[in-house]
Amino acid sequence: MAHLCLYVGLRREPGEPEFGGTNLWIYPSAYHDANLARYTADPEQPFASLFISFPSAKDPDFARRHPGHATIEVLTLAPYAWFERWADTRWKRRGADYDRLKQGLADRLRAELEQNVPAVRGKIDYCELSTPLSTTQFANVHRGQIYGPAATPERFRARALSPRTPVRNLYLTGSDAAMLGVVGALAGGGLAASAVLRRNVMA
């Protein structure tokens, strides 16, 4: 699955507390499969999930380096198929239809942010939306996949997805060496260190 990400820049008054540091996971209901099926069939349906993160609040040095500012990211799922017709176009030159679709999705994500984090209202300076085409362009991943290969039994049986490679002294780390997600990337680091040091650092 690919994703959309709304990158948000905000104004902060001197001494004003951060907008938050805890990640928010928001769903329209507990019926996740049904939510996703409805949304992927029709992008006008409610987002199947929202993930709101506060990167600047997690950086203890951010306020000193960027006084008066804060950042937020709002992510949601998005099928690559919605954007596939523009796959052969260039970044920032994808055409008016693409720009309209992108702006409509950005406006909806901004509205969700303001509804779920009311403290940001009136303080947003900047918003920019990335689409699966952006992810493909800048991360060079297949069809804008947010987490790489699916977490299937075949993935975990694949010999290529491990810390060791056929190339001498070349190791893989992060999610490529283990499994998807932040915890998978952390485990991949431990597995790569174990392979390099030839001892089990995971234990």
# chains A, B, ... in the order shown; residues from 1 in each chain; ligands from 1

$ residues_around --residues "stretch 32-46 of chain A" --least-positions-apart "3" --cutoff "8 Å" --atoms "only C-alpha atoms" --output "list in words"
Tyr27, Pro28, Ser29, Ala78 and Pro79 of chain A

$ residues_around --residues "A:Ala106" --least-positions-apart "5" --cutoff "8 Å" --atoms "only C-alpha atoms" --output "MDAnalysis selection string"
chainID A and resid 6 127:129

$ write_last_selection --atoms "C-alpha atoms" --output "JSON list (two decimals), in the first residue's frame"
[["chain", "number", "residue", "atom", "x", "y", "z"],
["A", 6, "LEU", "CA", 0.62, 16.25, 4.44],
["A", 127, "CYS", "CA", 1.13, 22.67, 3.82],
["A", 128, "GLU", "CA", 2.47, 20.39, 1.12],
["A", 129, "LEU", "CA", 1.14, 16.98, 0.13]]

$ closest_residue --among "A:Val167, A:Ile72, A:Ala160, A:Leu105" --to "A:Phe47" --atoms "only C-alpha atoms"
A:Leu105

$ residues_around --residues "A:Gly20" --least-positions-apart "4" --cutoff "10 Å" --atoms "only C-alpha atoms" --output "MDAnalysis selection string"
chainID A and resid 24 53:58 72 117 119

$ select_by_dssp --residues "stretch 7-186 of chain A" --states "alpha helix (DSSP H)" --output "mmCIF file with N, CA and C atoms, in the first residue's frame"
data_model
loop_
_atom_site.group_PDB
_atom_site.id
_atom_site.type_symbol
_atom_site.label_atom_id
_atom_site.label_comp_id
_atom_site.auth_asym_id
_atom_site.auth_seq_id
_atom_site.Cartn_x
_atom_site.Cartn_y
_atom_site.Cartn_z
ATOM 1 N N HIS A 32 -11.848 -2.161 10.319
ATOM 2 C CA HIS A 32 -10.754 -1.671 9.494
ATOM 3 C C HIS A 32 -10.816 -2.174 8.054
ATOM 4 N N ASP A 33 -11.107 -3.446 7.860
ATOM 5 C CA ASP A 33 -11.163 -3.982 6.491
ATOM 6 C C ASP A 33 -12.270 -3.302 5.688
ATOM 7 N N ALA A 34 -13.428 -3.125 6.308
ATOM 8 C CA ALA A 34 -14.547 -2.471 5.622
ATOM 9 C C ALA A 34 -14.221 -1.003 5.347
ATOM 10 N N ASN A 35 -13.595 -0.329 6.300
ATOM 11 C CA ASN A 35 -13.199 1.072 6.094
ATOM 12 C C ASN A 35 -12.257 1.185 4.900
ATOM 13 N N LEU A 36 -11.277 0.286 4.836
ATOM 14 C CA LEU A 36 -10.293 0.336 3.760
ATOM 15 C C LEU A 36 -10.937 0.011 2.413
ATOM 16 N N ALA A 37 -11.802 -0.982 2.371
ATOM 17 C CA ALA A 37 -12.462 -1.356 1.121
ATOM 18 C C ALA A 37 -13.303 -0.203 0.582
ATOM 19 N N ARG A 38 -14.043 0.460 1.468
ATOM 20 C CA ARG A 38 -14.886 1.584 1.064
ATOM 21 C C ARG A 38 -14.035 2.731 0.513
ATOM 22 N N TYR A 39 -12.974 3.046 1.217
ATOM 23 C CA TYR A 39 -12.109 4.178 0.864
ATOM 24 C C TYR A 39 -11.331 3.915 -0.415
ATOM 25 N N THR A 40 -10.766 2.719 -0.584
ATOM 26 C CA THR A 40 -9.980 2.453 -1.782
ATOM 27 C C THR A 40 -10.862 2.399 -3.030
ATOM 28 N N ALA A 41 -12.133 2.045 -2.844
ATOM 29 C CA ALA A 41 -13.063 2.028 -3.985
ATOM 30 C C ALA A 41 -13.506 3.432 -4.374
ATOM 31 N N PRO A 55 6.849 15.821 14.580
ATOM 32 C CA PRO A 55 8.314 15.680 14.575
ATOM 33 C C PRO A 55 9.039 16.743 15.398
ATOM 34 N N SER A 56 8.636 17.991 15.303
ATOM 35 C CA SER A 56 9.365 19.037 16.038
ATOM 36 C C SER A 56 9.237 18.862 17.542
ATOM 37 N N ALA A 57 8.108 18.315 18.001
ATOM 38 C CA ALA A 57 7.925 18.108 19.443
ATOM 39 C C ALA A 57 8.827 17.001 19.965
ATOM 40 N N LYS A 58 9.288 16.135 19.074
ATOM 41 C CA LYS A 58 10.154 15.028 19.472
ATOM 42 C C LYS A 58 11.631 15.418 19.432
ATOM 43 N N PHE A 62 14.796 21.504 18.529
ATOM 44 C CA PHE A 62 14.100 22.152 17.417
ATOM 45 C C PHE A 62 13.771 23.616 17.723
ATOM 46 N N ALA A 63 13.248 23.890 18.913
ATOM 47 C CA ALA A 63 12.829 25.259 19.254
ATOM 48 C C ALA A 63 14.006 26.225 19.231
ATOM 49 N N ARG A 64 15.183 25.767 19.615
ATOM 50 C CA ARG A 64 16.361 26.639 19.577
ATOM 51 C C ARG A 64 16.783 26.910 18.137
ATOM 52 N N ARG A 65 16.744 25.857 17.304
ATOM 53 C CA ARG A 65 17.184 26.008 15.926
ATOM 54 C C ARG A 65 16.155 26.713 15.054
ATOM 55 N N ALA A 96 -2.969 19.736 -14.651
ATOM 56 C CA ALA A 96 -4.033 20.348 -13.843
ATOM 57 C C ALA A 96 -4.901 19.313 -13.146
ATOM 58 N N ASP A 97 -5.198 18.186 -13.794
ATOM 59 C CA ASP A 97 -6.039 17.163 -13.160
ATOM 60 C C ASP A 97 -5.369 16.595 -11.920
ATOM 61 N N TYR A 98 -4.089 16.325 -12.037
ATOM 62 C CA TYR A 98 -3.317 15.828 -10.889
ATOM 63 C C TYR A 98 -3.299 16.875 -9.775
ATOM 64 N N ASP A 99 -3.036 18.109 -10.136
ATOM 65 C CA ASP A 99 -2.972 19.179 -9.136
ATOM 66 C C ASP A 99 -4.303 19.331 -8.405
ATOM 67 N N ARG A 100 -5.419 19.210 -9.145
ATOM 68 C CA ARG A 100 -6.736 19.311 -8.504
ATOM 69 C C ARG A 100 -6.974 18.167 -7.527
ATOM 70 N N LEU A 101 -6.645 16.945 -7.951
ATOM 71 C CA LEU A 101 -6.803 15.784 -7.058
ATOM 72 C C LEU A 101 -5.950 15.954 -5.815
ATOM 73 N N LYS A 102 -4.713 16.349 -6.011
ATOM 74 C CA LYS A 102 -3.775 16.526 -4.904
ATOM 75 C C LYS A 102 -4.257 17.613 -3.941
ATOM 76 N N GLN A 103 -4.722 18.734 -4.481
ATOM 77 C CA GLN A 103 -5.199 19.821 -3.630
ATOM 78 C C GLN A 103 -6.431 19.414 -2.837
ATOM 79 N N GLY A 104 -7.348 18.683 -3.477
ATOM 80 C CA GLY A 104 -8.534 18.221 -2.771
ATOM 81 C C GLY A 104 -8.186 17.304 -1.616
ATOM 82 N N LEU A 105 -7.235 16.390 -1.820
ATOM 83 C CA LEU A 105 -6.804 15.489 -0.746
ATOM 84 C C LEU A 105 -6.079 16.261 0.354
ATOM 85 N N ALA A 106 -5.262 17.234 -0.040
ATOM 86 C CA ALA A 106 -4.548 18.056 0.944
ATOM 87 C C ALA A 106 -5.532 18.844 1.801
ATOM 88 N N ASP A 107 -6.553 19.406 1.181
ATOM 89 C CA ASP A 107 -7.553 20.177 1.935
ATOM 90 C C ASP A 107 -8.284 19.285 2.934
ATOM 91 N N ARG A 108 -8.606 18.066 2.513
ATOM 92 C CA ARG A 108 -9.301 17.140 3.420
ATOM 93 C C ARG A 108 -8.416 16.739 4.595
ATOM 94 N N LEU A 109 -7.144 16.474 4.324
ATOM 95 C CA LEU A 109 -6.232 16.109 5.409
ATOM 96 C C LEU A 109 -6.028 17.277 6.372
ATOM 97 N N ARG A 110 -5.939 18.482 5.825
ATOM 98 C CA ARG A 110 -5.807 19.659 6.693
ATOM 99 C C ARG A 110 -7.043 19.811 7.571
ATOM 100 N N ALA A 111 -8.226 19.598 7.009
ATOM 101 C CA ALA A 111 -9.461 19.691 7.797
ATOM 102 C C ALA A 111 -9.479 18.636 8.906
ATOM 103 N N GLU A 112 -9.005 17.436 8.597
ATOM 104 C CA GLU A 112 -8.934 16.380 9.622
ATOM 105 C C GLU A 112 -7.957 16.774 10.727
ATOM 106 N N LEU A 113 -6.825 17.356 10.336
ATOM 107 C CA LEU A 113 -5.851 17.812 11.333
ATOM 108 C C LEU A 113 -6.479 18.851 12.250
ATOM 109 N N GLU A 114 -7.147 19.842 11.676
ATOM 110 C CA GLU A 114 -7.744 20.910 12.492
ATOM 111 C C GLU A 114 -8.866 20.379 13.377
ATOM 112 N N GLN A 115 -9.569 19.364 12.914
ATOM 113 C CA GLN A 115 -10.624 18.782 13.743
ATOM 114 C C GLN A 115 -10.041 17.984 14.905
ATOM 115 N N ASN A 116 -8.978 17.224 14.641
ATOM 116 C CA ASN A 116 -8.417 16.340 15.664
ATOM 117 C C ASN A 116 -7.372 17.006 16.543
ATOM 118 N N PRO A 132 1.834 8.939 -3.700
ATOM 119 C CA PRO A 132 2.672 7.782 -4.027
ATOM 120 C C PRO A 132 3.697 8.073 -5.128
ATOM 121 N N LEU A 133 3.387 8.999 -6.019
ATOM 122 C CA LEU A 133 4.364 9.362 -7.050
ATOM 123 C C LEU A 133 5.552 10.092 -6.436
ATOM 124 N N SER A 134 5.298 10.891 -5.396
ATOM 125 C CA SER A 134 6.392 11.568 -4.684
ATOM 126 C C SER A 134 7.293 10.536 -4.015
ATOM 127 N N THR A 135 6.681 9.532 -3.386
ATOM 128 C CA THR A 135 7.458 8.495 -2.696
ATOM 129 C C THR A 135 8.320 7.741 -3.698
ATOM 130 N N THR A 136 7.742 7.418 -4.850
ATOM 131 C CA THR A 136 8.513 6.737 -5.894
ATOM 132 C C THR A 136 9.658 7.619 -6.369
ATOM 133 N N GLN A 137 9.371 8.911 -6.577
ATOM 134 C CA GLN A 137 10.384 9.853 -7.073
ATOM 135 C C GLN A 137 11.560 9.987 -6.113
ATOM 136 N N PHE A 138 11.269 10.160 -4.820
ATOM 137 C CA PHE A 138 12.327 10.520 -3.877
ATOM 138 C C PHE A 138 12.885 9.343 -3.083
ATOM 139 N N ALA A 139 12.115 8.266 -2.928
ATOM 140 C CA ALA A 139 12.620 7.104 -2.184
ATOM 141 C C ALA A 139 12.934 5.928 -3.103
ATOM 142 N N PRO A 153 4.444 -14.743 4.271
ATOM 143 C CA PRO A 153 5.404 -15.833 4.500
ATOM 144 C C PRO A 153 6.519 -15.858 3.455
ATOM 145 N N GLU A 154 6.172 -15.522 2.200
ATOM 146 C CA GLU A 154 7.187 -15.518 1.141
ATOM 147 C C GLU A 154 8.298 -14.510 1.434
ATOM 148 N N ARG A 155 7.910 -13.371 1.960
ATOM 149 C CA ARG A 155 8.929 -12.366 2.301
ATOM 150 C C ARG A 155 9.906 -12.919 3.333
ATOM 151 N N PHE A 156 9.376 -13.570 4.365
ATOM 152 C CA PHE A 156 10.249 -14.034 5.442
ATOM 153 C C PHE A 156 11.062 -15.267 5.044
ATOM 154 N N ARG A 157 10.657 -15.933 3.954
ATOM 155 C CA ARG A 157 11.461 -17.054 3.436
ATOM 156 C C ARG A 157 12.510 -16.583 2.436
ATOM 157 N N GLY A 181 8.151 -1.488 9.309
ATOM 158 C CA GLY A 181 7.837 -0.633 10.443
ATOM 159 C C GLY A 181 9.055 -0.177 11.218
ATOM 160 N N VAL A 182 8.797 0.684 12.195
ATOM 161 C CA VAL A 182 9.862 1.240 13.028
ATOM 162 C C VAL A 182 10.540 0.149 13.841
ATOM 163 N N VAL A 183 9.740 -0.723 14.459
ATOM 164 C CA VAL A 183 10.308 -1.809 15.259
ATOM 165 C C VAL A 183 11.085 -2.769 14.366
ATOM 166 N N GLY A 184 10.568 -3.021 13.146
ATOM 167 C CA GLY A 184 11.290 -3.869 12.209
ATOM 168 C C GLY A 184 12.632 -3.279 11.822
ATOM 169 N N ALA A 185 12.666 -1.962 11.625
ATOM 170 C CA ALA A 185 13.921 -1.295 11.289
ATOM 171 C C ALA A 185 14.908 -1.392 12.452
ATOM 172 N N LEU A 186 14.406 -1.250 13.684
ATOM 173 C CA LEU A 186 15.259 -1.377 14.870
ATOM 174 C C LEU A 186 15.819 -2.790 14.967
#

$ residues_around --residues "A:Ala177" --least-positions-apart "6" --cutoff "7 Å" --atoms "only C-alpha atoms" --output "list in words"
Leu161, Ser162, Pro163 and Gly188 of chain A

$ write_last_selection --atoms "N, CA and C atoms" --output "CSV table (one decimal), in the first residue's frame"
chain,number,residue,atom,x,y,z
A,161,LEU,N,16.4,-11.1,1.8
A,161,LEU,CA,16.0,-10.1,2.9
A,161,LEU,C,16.6,-10.6,4.2
A,162,SER,N,17.9,-10.3,4.4
A,162,SER,CA,18.6,-10.7,5.6
A,162,SER,C,19.8,-9.7,5.7
A,163,PRO,N,20.5,-9.7,6.8
A,163,PRO,CA,21.6,-8.8,6.9
A,163,PRO,C,22.8,-9.1,5.9
A,188,GLY,N,16.2,-4.9,12.5
A,188,GLY,CA,17.1,-5.0,11.4
A,188,GLY,C,18.5,-4.5,11.8

$ closest_residue --among "A:Trp91, A:Val74, A:Ala158, A:Ile26" --to "A:Ser49" --atoms "only C-alpha atoms"
A:Ile26

$ select_by_dssp --residues "stretch 29-169 of chain A" --states "strand (DSSP E)" --output "PyMOL selection string"
chain A and resi 50-53+69-78+124-130

$ write_last_selection --atoms "N, CA and C atoms" --output "mmCIF file, in the first residue's frame"
data_model
loop_
_atom_site.group_PDB
_atom_site.id
_atom_site.type_symbol
_atom_site.label_atom_id
_atom_site.label_comp_id
_atom_site.auth_asym_id
_atom_site.auth_seq_id
_atom_site.Cartn_x
_atom_site.Cartn_y
_atom_site.Cartn_z
ATOM 1 N N LEU A 50 -5.884 7.573 9.817
ATOM 2 C CA LEU A 50 -5.040 8.762 9.843
ATOM 3 C C LEU A 50 -3.953 8.546 10.885
ATOM 4 N N PHE A 51 -2.753 8.966 10.553
ATOM 5 C CA PHE A 51 -1.638 8.944 11.498
ATOM 6 C C PHE A 51 -1.113 10.363 11.573
ATOM 7 N N ILE A 52 -1.166 10.964 12.750
ATOM 8 C CA ILE A 52 -0.699 12.339 12.935
ATOM 9 C C ILE A 52 0.509 12.304 13.865
ATOM 10 N N SER A 53 1.601 12.879 13.383
ATOM 11 C CA SER A 53 2.853 12.858 14.131
ATOM 12 C C SER A 53 3.386 14.279 14.278
ATOM 13 N N HIS A 69 8.489 28.174 15.297
ATOM 14 C CA HIS A 69 7.979 27.234 14.300
ATOM 15 C C HIS A 69 7.731 25.868 14.929
ATOM 16 N N ALA A 70 6.905 25.075 14.265
ATOM 17 C CA ALA A 70 6.657 23.683 14.642
ATOM 18 C C ALA A 70 6.261 22.924 13.383
ATOM 19 N N THR A 71 6.361 21.606 13.436
ATOM 20 C CA THR A 71 6.007 20.780 12.281
ATOM 21 C C THR A 71 5.073 19.646 12.691
ATOM 22 N N ILE A 72 4.241 19.261 11.742
ATOM 23 C CA ILE A 72 3.316 18.133 11.920
ATOM 24 C C ILE A 72 3.267 17.376 10.592
ATOM 25 N N GLU A 73 3.083 16.076 10.673
ATOM 26 C CA GLU A 73 2.844 15.250 9.497
ATOM 27 C C GLU A 73 1.521 14.519 9.675
ATOM 28 N N VAL A 74 0.733 14.480 8.608
ATOM 29 C CA VAL A 74 -0.543 13.762 8.618
ATOM 30 C C VAL A 74 -0.499 12.740 7.486
ATOM 31 N N LEU A 75 -0.542 11.453 7.832
ATOM 32 C CA LEU A 75 -0.448 10.389 6.840
ATOM 33 C C LEU A 75 -1.750 9.618 6.739
ATOM 34 N N THR A 76 -2.012 9.120 5.541
ATOM 35 C CA THR A 76 -3.115 8.193 5.330
ATOM 36 C C THR A 76 -2.751 7.279 4.179
ATOM 37 N N LEU A 77 -3.454 6.177 4.067
ATOM 38 C CA LEU A 77 -3.223 5.235 2.980
ATOM 39 C C LEU A 77 -3.745 5.807 1.663
ATOM 40 N N ALA A 78 -3.160 5.358 0.562
ATOM 41 C CA ALA A 78 -3.623 5.774 -0.769
ATOM 42 C C ALA A 78 -3.163 4.749 -1.789
ATOM 43 N N ILE A 124 -1.406 27.590 10.984
ATOM 44 C CA ILE A 124 -0.760 26.866 9.885
ATOM 45 C C ILE A 124 -0.207 27.871 8.868
ATOM 46 N N ASP A 125 1.098 27.787 8.643
ATOM 47 C CA ASP A 125 1.777 28.650 7.672
ATOM 48 C C ASP A 125 1.949 27.976 6.328
ATOM 49 N N TYR A 126 2.101 26.658 6.351
ATOM 50 C CA TYR A 126 2.519 25.969 5.129
ATOM 51 C C TYR A 126 2.011 24.537 5.140
ATOM 52 N N CYS A 127 1.526 24.070 3.996
ATOM 53 C CA CYS A 127 1.131 22.669 3.820
ATOM 54 C C CYS A 127 1.612 22.201 2.451
ATOM 55 N N GLU A 128 2.130 21.006 2.399
ATOM 56 C CA GLU A 128 2.474 20.393 1.122
ATOM 57 C C GLU A 128 2.174 18.909 1.199
ATOM 58 N N LEU A 129 1.548 18.383 0.153
ATOM 59 C CA LEU A 129 1.145 16.980 0.130
ATOM 60 C C LEU A 129 2.079 16.172 -0.762
ATOM 61 N N SER A 130 2.510 15.023 -0.242
ATOM 62 C CA SER A 130 3.195 14.053 -1.093
ATOM 63 C C SER A 130 2.211 12.947 -1.436
#

$ closest_residue --among "A:Val141, A:Met1, A:His66, A:Lys92" --to "A:Glu13" --atoms "only C-alpha atoms"
A:His66

$ closest_residue --among "A:Trp25, A:Phe19, A:Tyr171, A:Tyr147" --to "A:His3" --atoms "only C-alpha atoms"
A:Tyr147

$ atom_distance --atom1 "atom CA of A:Tyr80" --atom2 "atom CA of A:Leu4"
10.0 Å

$ atom_distance --atom1 "atom CA of A:Gly21" --atom2 "atom CA of A:Ala48"
22.7 Å

$ closest_residue --among "A:Met202, A:Thr165, A:Gly148, A:Pro67" --to "A:Leu10" --atoms "only C-alpha atoms"
A:Pro67

$ closest_residue --among "A:Ala192, A:Ala203, A:Tyr7, A:Arg159" --to "A:Gly174" --atoms "only C-alpha atoms"
A:Ala192

$ atom_distance --atom1 "atom CA of A:Ile146" --atom2 "atom CA of A:Arg90"
20.3 Å
